[in-house]
>>> print(open('work-v3.pdb').read())   # PDB, C-alpha atoms
MODEL        1
ATOM      1  CA  MET A   1     150.133 256.287  48.461
ATOM      2  CA  PRO A   2     153.845 257.097  48.072
ATOM      3  CA  ALA A   3     155.070 260.617  48.622
ATOM      4  CA  GLU A   4     156.160 262.555  45.552
ATOM      5  CA  SER A   5     158.670 264.748  47.345
ATOM      6  CA  SER A   6     159.676 265.933  50.785
ATOM      7  CA  LYS A   7     161.890 268.504  52.464
ATOM      8  CA  PHE A   8     165.452 267.823  53.563
ATOM      9  CA  LYS A   9     167.654 270.580  55.006
ATOM     10  CA  GLY A  10     164.991 273.087  53.969
ATOM     11  CA  VAL A  11     165.049 272.076  50.292
ATOM     12  CA  LEU A  12     162.103 270.469  48.497
ATOM     13  CA  ALA A  13     163.388 267.523  46.466
ATOM     14  CA  ALA A  14     162.082 264.461  44.726
ATOM     15  CA  LEU A  15     162.650 261.099  46.351
ATOM     16  CA  ALA A  16     166.118 259.791  45.543
ATOM     17  CA  LYS A  17     166.629 256.407  43.981
ATOM     18  CA  ARG A  18     168.450 253.335  45.249
ATOM     19  CA  PHE A  19     170.957 251.674  42.958
ATOM     20  CA  ALA A  20     171.603 247.972  43.251
ATOM     21  CA  ALA A  21     173.530 246.904  40.160
ATOM     22  CA  GLY A  22     170.391 247.040  38.077
ATOM     23  CA  PRO A  23     167.014 248.756  38.075
ATOM     24  CA  MET A  24     166.594 251.582  40.557
ATOM     25  CA  VAL A  25     163.911 251.442  43.229
ATOM     26  CA  VAL A  26     162.562 254.071  45.597
ATOM     27  CA  ASN A  27     162.827 253.377  49.308
ATOM     28  CA  GLU A  28     160.601 255.284  51.711
ATOM     29  CA  GLY A  29     161.779 253.797  55.015
ATOM     30  CA  ALA A  30     162.426 255.700  58.219
ATOM     31  CA  SER A  31     166.035 256.883  58.354
ATOM     32  CA  TYR A  32     169.681 256.064  57.752
ATOM     33  CA  TYR A  33     172.245 257.812  59.966
ATOM     34  CA  GLY A  34     169.511 260.353  60.698
ATOM     35  CA  VAL A  35     168.914 261.036  56.993
ATOM     36  CA  PRO A  36     165.511 260.165  55.483
ATOM     37  CA  ASP A  37     165.841 256.944  53.455
ATOM     38  CA  SER A  38     164.362 258.711  50.455
ATOM     39  CA  TYR A  39     167.730 260.469  50.046
ATOM     40  CA  THR A  40     169.961 257.426  50.446
ATOM     41  CA  PHE A  41     171.666 255.360  47.766
ATOM     42  CA  VAL A  42     173.193 251.904  47.531
ATOM     43  CA  SER A  43     175.199 250.720  44.545
ATOM     44  CA  GLN A  44     177.298 247.673  43.736
ATOM     45  CA  VAL A  45     179.314 247.073  40.569
ATOM     46  CA  SER A  46     181.884 244.654  39.258
ATOM     47  CA  HIS A  47     184.919 246.484  37.858
ATOM     48  CA  SER A  48     186.929 244.238  35.556
ATOM     49  CA  VAL A  49     188.296 246.678  32.984
ATOM     50  CA  SER A  50     192.061 247.273  32.767
ATOM     51  CA  GLY A  51     194.197 250.099  31.493
ATOM     52  CA  VAL A  52     194.700 253.813  31.959
ATOM     53  CA  SER A  53     191.606 255.798  32.959
ATOM     54  CA  ALA A  54     189.233 252.821  32.783
ATOM     55  CA  THR A  55     186.012 253.582  34.660
ATOM     56  CA  THR A  56     182.860 251.817  35.802
ATOM     57  CA  THR A  57     179.881 253.957  36.826
ATOM     58  CA  LEU A  58     178.489 253.516  40.334
ATOM     59  CA  ILE A  59     175.923 256.344  40.182
ATOM     60  CA  PRO A  60     175.295 258.199  36.907
ATOM     61  CA  ASP A  61     175.538 262.001  36.915
ATOM     62  CA  ASN A  62     171.928 262.359  35.761
ATOM     63  CA  GLN A  63     170.666 260.535  38.874
ATOM     64  CA  VAL A  64     172.151 263.016  41.373
ATOM     65  CA  PRO A  65     169.708 265.802  42.312
ATOM     66  CA  HIS A  66     170.822 269.091  40.710
ATOM     67  CA  GLY A  67     173.093 271.084  43.012
ATOM     68  CA  TRP A  68     173.547 268.209  45.456
ATOM     69  CA  ARG A  69     176.529 265.976  46.296
ATOM     70  CA  CYS A  70     177.001 262.285  46.987
ATOM     71  CA  TYR A  71     178.077 261.674  50.586
ATOM     72  CA  VAL A  72     179.463 258.160  51.033
ATOM     73  CA  THR A  73     178.992 256.540  54.445
ATOM     74  CA  ARG A  74     180.282 253.056  53.581
ATOM     75  CA  CYS A  75     182.563 251.698  50.886
ATOM     76  CA  ASP A  76     183.516 248.037  50.440
ATOM     77  CA  LEU A  77     186.053 246.828  47.888
ATOM     78  CA  TYR A  78     186.815 243.148  47.252
ATOM     79  CA  VAL A  79     189.141 241.403  44.783
ATOM     80  CA  ASN A  80     187.237 238.322  43.599
ATOM     81  CA  GLY A  81     189.548 235.487  42.612
ATOM     82  CA  SER A  82     193.104 234.266  42.706
ATOM     83  CA  ASN A  83     194.742 236.992  40.576
ATOM     84  CA  ALA A  84     196.078 240.193  42.117
ATOM     85  CA  ALA A  85     195.929 243.559  40.359
ATOM     86  CA  SER A  86     199.180 244.876  38.932
ATOM     87  CA  GLY A  87     200.622 248.084  37.496
ATOM     88  CA  GLY A  88     199.412 251.631  37.911
ATOM     89  CA  THR A  89     198.839 253.391  41.198
ATOM     90  CA  GLY A  90     195.576 251.809  42.325
ATOM     91  CA  ILE A  91     191.803 251.994  42.230
ATOM     92  CA  ASN A  92     189.908 255.169  43.141
ATOM     93  CA  ILE A  93     186.275 255.572  44.085
ATOM     94  CA  GLN A  94     185.623 259.129  42.949
ATOM     95  CA  ASP A  95     183.010 261.504  41.681
ATOM     96  CA  SER A  96     182.900 261.986  37.936
ATOM     97  CA  ALA A  97     184.649 265.365  38.349
ATOM     98  CA  GLY A  98     187.707 263.505  39.682
ATOM     99  CA  ASN A  99     187.384 264.213  43.424
ATOM    100  CA  VAL A 100     188.550 261.088  45.288
ATOM    101  CA  VAL A 101     186.181 259.533  47.822
ATOM    102  CA  ALA A 102     188.344 256.492  48.598
ATOM    103  CA  ALA A 103     191.517 255.062  47.076
ATOM    104  CA  PHE A 104     193.257 251.700  47.358
ATOM    105  CA  THR A 105     196.861 251.219  46.169
ATOM    106  CA  THR A 106     197.640 248.407  43.736
ATOM    107  CA  ALA A 107     199.757 246.670  46.387
ATOM    108  CA  LEU A 108     196.600 246.179  48.504
ATOM    109  CA  LEU A 109     194.635 244.579  45.659
ATOM    110  CA  THR A 110     195.865 241.032  46.190
ATOM    111  CA  ALA A 111     193.893 237.844  45.523
ATOM    112  CA  ASN A 112     190.687 237.365  47.519
ATOM    113  CA  THR A 113     191.256 240.509  49.578
ATOM    114  CA  GLY A 114     188.668 242.984  50.798
ATOM    115  CA  TYR A 115     188.503 246.315  52.597
ATOM    116  CA  SER A 116     185.570 248.047  54.221
ATOM    117  CA  LEU A 117     185.424 251.734  55.088
ATOM    118  CA  PRO A 118     185.108 253.260  57.596
ATOM    119  CA  ALA A 119     186.492 250.126  59.377
ATOM    120  CA  ALA A 120     189.754 250.194  57.356
ATOM    121  CA  ASP A 121     190.195 253.965  57.810
ATOM    122  CA  GLY A 122     193.847 254.573  58.675
ATOM    123  CA  THR A 123     195.096 251.421  56.922
ATOM    124  CA  SER A 124     198.338 252.078  55.051
ATOM    125  CA  GLY A 125     197.592 252.409  51.329
ATOM    126  CA  VAL A 126     193.931 253.343  51.864
ATOM    127  CA  THR A 127     192.697 256.905  51.376
ATOM    128  CA  ASP A 128     189.352 257.686  53.036
ATOM    129  CA  ASN A 129     188.065 261.169  52.141
ATOM    130  CA  CYS A 130     184.311 260.877  52.348
ATOM    131  CA  ILE A 131     183.030 258.667  55.108
ATOM    132  CA  ILE A 132     180.934 259.589  58.156
ATOM    133  CA  GLY A 133     182.056 262.834  59.782
ATOM    134  CA  LYS A 134     184.169 263.991  56.824
ATOM    135  CA  LEU A 135     183.545 266.460  54.032
ATOM    136  CA  ALA A 136     182.013 265.749  50.655
ATOM    137  CA  PRO A 137     184.476 264.776  47.896
ATOM    138  CA  GLY A 138     185.354 268.282  46.773
ATOM    139  CA  ALA A 139     183.215 271.182  45.667
ATOM    140  CA  SER A 140     181.570 269.465  42.719
ATOM    141  CA  THR A 141     177.804 269.131  42.774
ATOM    142  CA  SER A 142     175.417 267.326  40.431
ATOM    143  CA  VAL A 143     177.954 264.596  39.648
ATOM    144  CA  GLY A 144     177.770 260.857  40.233
ATOM    145  CA  LEU A 145     180.319 258.316  41.422
ATOM    146  CA  GLN A 146     182.612 255.910  39.588
ATOM    147  CA  VAL A 147     185.358 253.325  40.027
ATOM    148  CA  PHE A 148     188.523 254.598  38.319
ATOM    149  CA  ASN A 149     191.840 252.939  37.416
ATOM    150  CA  HIS A 150     194.526 255.368  38.591
ATOM    151  CA  GLY A 151     197.341 254.649  36.173
ATOM    152  CA  ALA A 152     197.510 251.542  34.014
ATOM    153  CA  VAL A 153     196.099 249.091  36.557
ATOM    154  CA  THR A 154     195.668 245.592  35.157
ATOM    155  CA  LEU A 155     193.072 243.338  36.738
ATOM    156  CA  GLY A 156     193.145 239.572  36.363
ATOM    157  CA  ALA A 157     190.448 238.442  33.927
ATOM    158  CA  SER A 158     189.144 235.982  36.481
ATOM    159  CA  SER A 159     189.483 238.419  39.401
ATOM    160  CA  PRO A 160     187.176 241.426  38.960
ATOM    161  CA  ILE A 161     186.921 243.954  41.760
ATOM    162  CA  THR A 162     183.517 244.338  43.400
ATOM    163  CA  VAL A 163     182.733 247.762  44.832
ATOM    164  CA  TYR A 164     179.756 248.396  47.129
ATOM    165  CA  ILE A 165     178.836 251.862  48.406
ATOM    166  CA  GLU A 166     176.159 253.359  50.629
ATOM    167  CA  GLY A 167     175.464 257.001  51.256
ATOM    168  CA  TYR A 168     173.077 259.876  50.775
ATOM    169  CA  PHE A 169     172.419 262.885  48.564
ATOM    170  CA  ALA A 170     172.462 266.314  50.204
ATOM    171  CA  PRO A 171     173.004 269.962  49.220
TER     172      PRO A 171
ENDMDL
END
>>> encode(input="work-v3.pdb", output="structure tokens")
Amino acid sequence: MPAESSKFKGVLAALAKRFAAGPMVVNEGASYYGVPDSYTFVSQVSHSVSGVSATTTLIPDNQVPHGWRCYVTRCDLYVNGSNAASGGTGINIQDSAGNVVAAFTTALLTANTGYSLPAADGTSGVTDNCIIGKLAPGASTSVGLQVFNHGAVTLGASSPITVYIEGYFAP
């Protein structure tokens, strides 16, 4: 019989959900970076919208436990196709309050190019604010994550950007 809740860092909380570009499922495995799997998340989206302030939701606000944050332990970004992004400043992975988790400048978003954090941490044009051993993305709690066009970034119609994240919820 599955557990209905458990304690993590002294707080009783319902099991967190896993996001996988579709229906959410509960995972009750052992652990992930020392964190019970019930508090982990995985999400993958295809971001193909262009223009100022265009967003694609990775984790909706209403799926983050109240008073908790999203801690990202891995972030992969890949430009699918032969068209590079153009214009604007770049693509941000951020919480819905605007706190940047990771950012990639437009110049890096060339055709068939990918980056994986924390492996690409320190790469010129990559901002890594919320990977293992770093702080949460700002003081905001109870907010989800999104892919955000910083400036008027234009993505090739045949070259959407795929973003994959892993992490955990914690107070």
>>> atom_distance(input="work-v3.pdb", atom1="CA of Gly87 in chain A", atom2="CA of Pro118 in chain A")
25.9 Å
>>> closest_residue(input="work-v3.pdb", among="A:Asn99, A:Thr123, A:Ser43, A:Thr89", to="Arg74 in chain A", atoms="all atoms listed in the file")
A:Ser43
>>> closest_residue(input="work-v3.pdb", among="A:Ala119, A:Gln44, A:Leu108, A:Val52", to="Thr154 in chain A", atoms="only C-alpha atoms")
A:Val52
>>> atom_distance(input="work-v3.pdb", atom1="CA of Val143 in chain A", atom2="CA of Ala97 in chain A")
6.9 Å
>>> closest_residue(input="work-v3.pdb", among="A:Thr40, A:Asn83, A:Thr105, A:Ser50", to="Ala152 in chain A", atoms="all atoms listed in the file")
A:Ser50
